[in-house]
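Input: a single structure, listed below in structure tokens.
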Amino acid sequence: MILALRRNPLEIWSKAHYEQPILMGNTILGERAVVNEPAAVRRIFLDNSANYRKDALQLRVLGLGLGNGLLTVDGEDWRAQRRALAPLFSARQIPAFAPAMHRVAVAAVARLAPKREGRVVDVSVEMARVTLEMLEQTLFSQGLGRDASEFQVAMTRYFDTIGRIDPLDLLGAPQFLPRFGRLRGRGALEFFARAVDNIIGARKSLLASGAGAPNDILTLLLAAQDPETGKGISEDDVRANIVTFIGAGHETTANALTWTLYLLSQAPDWRARVEAEIDAHFDPANVEGFAEALPVTKAVLEEALRLYPPAAMLSREAIGPDVLAGRRIRAGTVVTVSPFLLHRHRLLWKDPDAFDPERFLGANRDSIDRYAYIPFGAGPRVCIGMGFAMLEMMAVLGHLLRAFRFDLAPGHPVSPVARVTLRPAHGMKMILRRRQGAAM
Ligand code: HEM
């Protein structure tokens, strides 16, 4: 089990996991429950969420580097941070990022445009670059002050190492024992922390000089206040949250886009519908409102998030006893809710493994149980970047699919592997072709 968890945690699921509402077991990790019943999912994340905290293993795996960022803090600290950070990603604020999102998507098209017709590209690498630039241009509108590709290498290496669950973590070994696999990740993280410190330093001097502050997340973070207490965010927390936003918002979004392009390459009918919709209705001049005009594209994206949820496993530890799906949960039990399992569960979905965006179109969307579909989590700790991620992905798909068509390179093996996010194990090699008559 340890080997499978380290190789690919998806491998530990058996047929029963896809068929039962709840599975309980005693493992070397202690008592565990894997929960697949929407009412129980709702209880964990919403109705009784005060009884479930982020579990120690998750915090150990993510904790390195994300420090006291929003994703990994708990209790009152989390509440205060969430209140202070919520306005950064509110429905009012997100449209302000749309112009930058379009610019970055246009730049991605321009990068691919000179490539030879029929050239094979690794779409997962391209998407990682686009989503990092999205964050760069919205977090720090004046850039990272470093070569973006240097950042990307550091980030990929970081995730590759922290994303592998270390046997010492599974065994609960104390943190002072070195996890050798992580040392490489630590170097990447130090690179990262230094770069972010430089950026914060530069911004503070800019603000101190009386120059106007750019409207980006860094300015918002430095000015953010808890609306209840009026307290600002400490510099450590600003740094931790910048790393957190990049950590939580980079690979997740890149993988969702990569899986979307893959699924479309396997479904020519849907691809034709998306292309027709984009040709007729995608209007980048409608900077903020463009996404509403693309319901088919959005349904395709939502279906991709169902089949390949980038955050494939969520977990919590029960603080006190509870009852979930008719089973008694003891204090200390680690409860796993896997969006990957839930979204492909035999009891919850018709033809669960089939790619069918129709599920998300029109009235069909209303019949999906809110707690059977949780690519962004649920309840008070739902992804704070959800609206941001949806808008940037729609912008990328609009610009990219207007210009190109992607087909899977013959013989390229496709299989999902769960690191921190759900990645394609071998990247995603695709053949790039220009669309006829496409405006470039
Ligand atoms: C397709 C893209 C994304 C997916 C699938 C995704 C998924 C998730 C999920 C499932 C959670 C909940 C984790 C849990 O309950 O244990 C979460 C939390 C979070 N996400 Fe995202 N995310 C995405 C993009 C982003 C972006 C773009 C950002 C920031 C720019 C972001 C920042 C965060 C943060 C800070 C949290 C922690 C929220 C809290 O605990 O209060 N995410 N995300």
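Every chain in the structure tokens takes a letter, A first, then B, and so on in the order presented; its residues are numbered from 1, and the ligands are numbered from 1 following the presented order.
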9 Å contact set for Val121 in chain A, only C-alpha atoms, chain neighbours under 6 positions out, as a ChimeraX atom specification:
/A:409,428-432
Name the residues in contact with range 306-315 of chain A at a cut-off of 6 Å, using only C-alpha atoms, excluding same-chain residues fewer than 4 positions from it; report them as a list in words.
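Those residues are Thr252, Val335, Thr336, Val337, Ser338, Pro339, Phe340, His343, Pro375, Thr421 and Leu422 of chain A.
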Please dump the current selection as an mmCIF file, in the first residue's frame; keep all heavy atoms.
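The new file result_23.cif reads:
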data_model
loop_
_atom_site.group_PDB
_atom_site.id
_atom_site.type_symbol
_atom_site.label_atom_id
_atom_site.label_comp_id
_atom_site.auth_asym_id
_atom_site.auth_seq_id
_atom_site.Cartn_x
_atom_site.Cartn_y
_atom_site.Cartn_z
ATOM 1 N N THR A 252 -3.113 22.910 -10.812
ATOM 2 C CA THR A 252 -4.522 22.520 -10.887
ATOM 3 C C THR A 252 -5.132 22.973 -12.211
ATOM 4 O O THR A 252 -5.720 22.191 -12.953
ATOM 5 C CB THR A 252 -5.317 23.178 -9.744
ATOM 6 O OG1 THR A 252 -4.907 24.544 -9.639
ATOM 7 C CG2 THR A 252 -5.129 22.471 -8.433
ATOM 8 N N VAL A 335 -10.868 10.902 7.279
ATOM 9 C CA VAL A 335 -11.945 10.725 6.311
ATOM 10 C C VAL A 335 -11.454 11.241 4.958
ATOM 11 O O VAL A 335 -11.045 12.390 4.845
ATOM 12 C CB VAL A 335 -13.166 11.554 6.763
ATOM 13 C CG1 VAL A 335 -14.276 11.488 5.743
ATOM 14 C CG2 VAL A 335 -13.656 11.075 8.116
ATOM 15 N N THR A 336 -11.479 10.368 3.963
ATOM 16 C CA THR A 336 -11.070 10.793 2.630
ATOM 17 C C THR A 336 -12.294 10.968 1.758
ATOM 18 O O THR A 336 -13.169 10.099 1.722
ATOM 19 C CB THR A 336 -10.157 9.721 1.979
ATOM 20 O OG1 THR A 336 -8.981 9.615 2.767
ATOM 21 C CG2 THR A 336 -9.765 10.099 0.563
ATOM 22 N N VAL A 337 -12.363 12.090 1.089
ATOM 23 C CA VAL A 337 -13.383 12.284 0.058
ATOM 24 C C VAL A 337 -12.601 12.513 -1.220
ATOM 25 O O VAL A 337 -11.861 13.493 -1.331
ATOM 26 C CB VAL A 337 -14.270 13.504 0.360
ATOM 27 C CG1 VAL A 337 -15.283 13.700 -0.767
ATOM 28 C CG2 VAL A 337 -14.983 13.334 1.694
ATOM 29 N N SER A 338 -12.726 11.582 -2.130
ATOM 30 C CA SER A 338 -11.965 11.711 -3.363
ATOM 31 C C SER A 338 -12.891 12.187 -4.477
ATOM 32 O O SER A 338 -13.773 11.440 -4.909
ATOM 33 C CB SER A 338 -11.359 10.361 -3.748
ATOM 34 O OG SER A 338 -10.993 10.398 -5.118
ATOM 35 N N PRO A 339 -12.695 13.422 -4.958
ATOM 36 C CA PRO A 339 -13.511 13.842 -6.100
ATOM 37 C C PRO A 339 -13.386 12.858 -7.266
ATOM 38 O O PRO A 339 -14.368 12.619 -7.970
ATOM 39 C CB PRO A 339 -12.936 15.220 -6.439
ATOM 40 C CG PRO A 339 -12.437 15.746 -5.134
ATOM 41 C CD PRO A 339 -11.880 14.531 -4.432
ATOM 42 N N PHE A 340 -12.230 12.244 -7.434
ATOM 43 C CA PHE A 340 -12.063 11.294 -8.535
ATOM 44 C C PHE A 340 -13.050 10.127 -8.401
ATOM 45 O O PHE A 340 -13.738 9.750 -9.348
ATOM 46 C CB PHE A 340 -10.617 10.772 -8.553
ATOM 47 C CG PHE A 340 -10.281 9.949 -9.769
ATOM 48 C CD1 PHE A 340 -9.834 10.552 -10.935
ATOM 49 C CD2 PHE A 340 -10.422 8.556 -9.759
ATOM 50 C CE1 PHE A 340 -9.525 9.798 -12.067
ATOM 51 C CE2 PHE A 340 -10.126 7.802 -10.884
ATOM 52 C CZ PHE A 340 -9.676 8.420 -12.036
ATOM 53 N N HIS A 343 -16.869 11.421 -8.464
ATOM 54 C CA HIS A 343 -17.314 11.834 -9.798
ATOM 55 C C HIS A 343 -17.477 10.655 -10.753
ATOM 56 O O HIS A 343 -17.994 10.821 -11.850
ATOM 57 C CB HIS A 343 -16.298 12.807 -10.417
ATOM 58 C CG HIS A 343 -16.200 14.126 -9.709
ATOM 59 N ND1 HIS A 343 -15.302 15.100 -10.067
ATOM 60 C CD2 HIS A 343 -16.907 14.636 -8.673
ATOM 61 C CE1 HIS A 343 -15.450 16.157 -9.274
ATOM 62 N NE2 HIS A 343 -16.408 15.889 -8.415
ATOM 63 N N PRO A 375 -15.324 19.481 -7.739
ATOM 64 C CA PRO A 375 -13.940 19.710 -8.194
ATOM 65 C C PRO A 375 -13.241 20.818 -7.420
ATOM 66 O O PRO A 375 -12.024 20.818 -7.296
ATOM 67 C CB PRO A 375 -14.103 20.102 -9.664
ATOM 68 C CG PRO A 375 -15.519 20.517 -9.824
ATOM 69 C CD PRO A 375 -16.299 19.736 -8.808
ATOM 70 N N THR A 421 -1.601 17.142 -7.500
ATOM 71 C CA THR A 421 -2.716 17.290 -8.436
ATOM 72 C C THR A 421 -2.759 16.066 -9.354
ATOM 73 O O THR A 421 -1.824 15.268 -9.373
ATOM 74 C CB THR A 421 -2.546 18.547 -9.303
ATOM 75 O OG1 THR A 421 -1.367 18.385 -10.101
ATOM 76 C CG2 THR A 421 -2.416 19.800 -8.465
ATOM 77 N N LEU A 422 -3.843 15.977 -10.119
ATOM 78 C CA LEU A 422 -4.018 14.819 -10.999
ATOM 79 C C LEU A 422 -3.363 15.123 -12.353
ATOM 80 O O LEU A 422 -3.930 15.830 -13.180
ATOM 81 C CB LEU A 422 -5.512 14.554 -11.182
ATOM 82 C CG LEU A 422 -5.872 13.231 -11.838
ATOM 83 C CD1 LEU A 422 -5.588 12.078 -10.875
ATOM 84 C CD2 LEU A 422 -7.335 13.209 -12.234
#
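Once only C-alpha atoms and all ligand atoms are used for the distance check, the residues close to ligand 1 at 6 Å turn out to be Leu70, Leu71, Arg82, Thr244, Phe245, Ala248, Gly249, Thr252, Thr253, Ala256, Pro309, Pro310, Ala311, Leu314, Pro375, Phe376, Gly377, Arg381, Val382, Cys383, Ile384, Gly385, Met386, Phe388 and Ala389 of chain A.
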Please identify which residues in range 300-358 of chain A DSSP calls alpha helix (DSSP H) from the backbone, and express them as a count of residues only.
13
Skip Val34 in chain A itself and residues of its chain fewer than 2 positions away, then list as an MDAnalysis selection string all residues within 12 Å of it, counting only C-alpha atoms.
chainID A and resid 12:14 16:26 31:32 36:37 40:41 44 313:317 324:325 327 329 333:342
Residue nearest Lys54 in chain A - candidates A:Pro357, A:Pro227, A:Ile319, A:Ala395, atoms counted: only C-alpha atoms
A:Ile319
Name the residues of range 239-437 of chain A that come out as strand (DSSP E) in a backbone DSSP run; write them as a ChimeraX atom specification.
/A:314-318,322-324,327-329,334-337,404-408,416-418,422-424,429-434
I need the residue nearest Glu136 in chain A from this list: A:Leu218, A:Ala291, A:Val73, A:Val120. Use only C-alpha atoms for the distance.
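Nearest candidate to Glu136 in chain A out of A:Leu218, A:Ala291, A:Val73, A:Val120: A:Leu218.
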Using only C-alpha atoms, can you tell me which of A:Ser205, A:Arg119, A:Leu348, A:Glu288 comes closest to Leu408 in chain A?
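The closest residue to Leu408 in chain A is A:Arg119.
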Record the distance separating CA of Leu221 in chain A and CA of Leu139 in chain A, expressed in Å with one decimal.
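These atoms are spaced 9.2 Å apart.
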Go through A:Leu206, A:Ala254, A:Val123, A:Val238 one by one, measure the shortest atom-to-atom distance of each to Met390 in chain A using only C-alpha atoms, and give the residue with the smallest value.
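Of A:Leu206, A:Ala254, A:Val123, A:Val238, the one nearest Met390 in chain A, counting only C-alpha atoms, is A:Ala254.
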Please list as a ChimeraX atom specification every residue within 10 Å of Asn215 in chain A, counting only C-alpha atoms and excluding residues in the same chain fewer than 6 positions away.
/A:96-97,138-141
Dump of C-alpha atoms for the selected residues, as a PDB file, in the first residue's frame:
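Written file, out-v7.pdb:
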ATOM      1  CA  ALA A  96     -10.690  43.241 -13.177  1.00  0.00           C
ATOM      2  CA  PHE A  97      -8.241  40.427 -13.968  1.00  0.00           C
ATOM      3  CA  THR A 138      -2.544  38.975 -11.860  1.00  0.00           C
ATOM      4  CA  LEU A 139      -0.575  38.485  -8.657  1.00  0.00           C
ATOM      5  CA  PHE A 140       2.268  40.758  -9.649  1.00  0.00           C
ATOM      6  CA  SER A 141       1.220  42.810 -12.625  1.00  0.00           C
TER       7      SER A 141
END
Contacts of range 232-237 of chain A at 8 Å or less, counting only C-alpha atoms, minus same-chain residues fewer than 5 places along, as a VMD selection string?
chain A and resid 68 to 69 81 84 221 to 226
Could you please take those selected residues and save N, CA and C atoms as a PDB file, in the first residue's frame?
ATOM      1  N   ASN A  68       1.972  29.152   6.481  1.00  0.00           N
ATOM      2  CA  ASN A  68       0.705  29.585   7.052  1.00  0.00           C
ATOM      3  C   ASN A  68      -0.209  30.193   6.015  1.00  0.00           C
ATOM      4  N   GLY A  69      -0.170  29.678   4.811  1.00  0.00           N
ATOM      5  CA  GLY A  69      -1.082  30.189   3.782  1.00  0.00           C
ATOM      6  C   GLY A  69      -2.479  29.642   4.016  1.00  0.00           C
ATOM      7  N   GLN A  81      -7.902  34.816   8.099  1.00  0.00           N
ATOM      8  CA  GLN A  81      -7.295  34.968   6.766  1.00  0.00           C
ATOM      9  C   GLN A  81      -8.356  34.914   5.674  1.00  0.00           C
ATOM     10  N   ALA A  84     -10.143  38.104   5.377  1.00  0.00           N
ATOM     11  CA  ALA A  84      -9.333  39.178   4.803  1.00  0.00           C
ATOM     12  C   ALA A  84      -9.083  38.960   3.305  1.00  0.00           C
ATOM     13  N   LEU A 221      -3.239  42.223  -1.348  1.00  0.00           N
ATOM     14  CA  LEU A 221      -2.789  41.449  -0.181  1.00  0.00           C
ATOM     15  C   LEU A 221      -2.147  42.352   0.857  1.00  0.00           C
ATOM     16  N   LEU A 222      -1.299  43.270   0.384  1.00  0.00           N
ATOM     17  CA  LEU A 222      -0.605  44.149   1.331  1.00  0.00           C
ATOM     18  C   LEU A 222      -1.590  45.077   2.033  1.00  0.00           C
ATOM     19  N   ALA A 223      -2.722  45.340   1.348  1.00  0.00           N
ATOM     20  CA  ALA A 223      -3.705  46.243   1.955  1.00  0.00           C
ATOM     21  C   ALA A 223      -4.837  45.485   2.645  1.00  0.00           C
ATOM     22  N   ALA A 224      -4.865  44.144   2.499  1.00  0.00           N
ATOM     23  CA  ALA A 224      -6.027  43.370   2.982  1.00  0.00           C
ATOM     24  C   ALA A 224      -6.183  43.501   4.495  1.00  0.00           C
ATOM     25  N   GLN A 225      -7.435  43.536   4.913  1.00  0.00           N
ATOM     26  CA  GLN A 225      -7.737  43.636   6.342  1.00  0.00           C
ATOM     27  C   GLN A 225      -8.860  42.690   6.688  1.00  0.00           C
ATOM     28  N   ASP A 226      -8.788  42.148   7.878  1.00  0.00           N
ATOM     29  CA  ASP A 226      -9.900  41.353   8.376  1.00  0.00           C
ATOM     30  C   ASP A 226     -11.057  42.324   8.658  1.00  0.00           C
TER      31      ASP A 226
END
Skip Ala98 in chain A itself and residues of its chain fewer than 2 positions away, then list as a list in words all residues within 10 Å of it, counting only C-alpha atoms.
Gln93, Ile94, Pro95, Ala96, Ala100, Met101, His102, Arg103, Val104, Met134, Thr138, Pro284, Asn286, Val287, Glu288, Gly289, Phe290, Phe388, Leu391, Glu392 and Ala395 of chain A
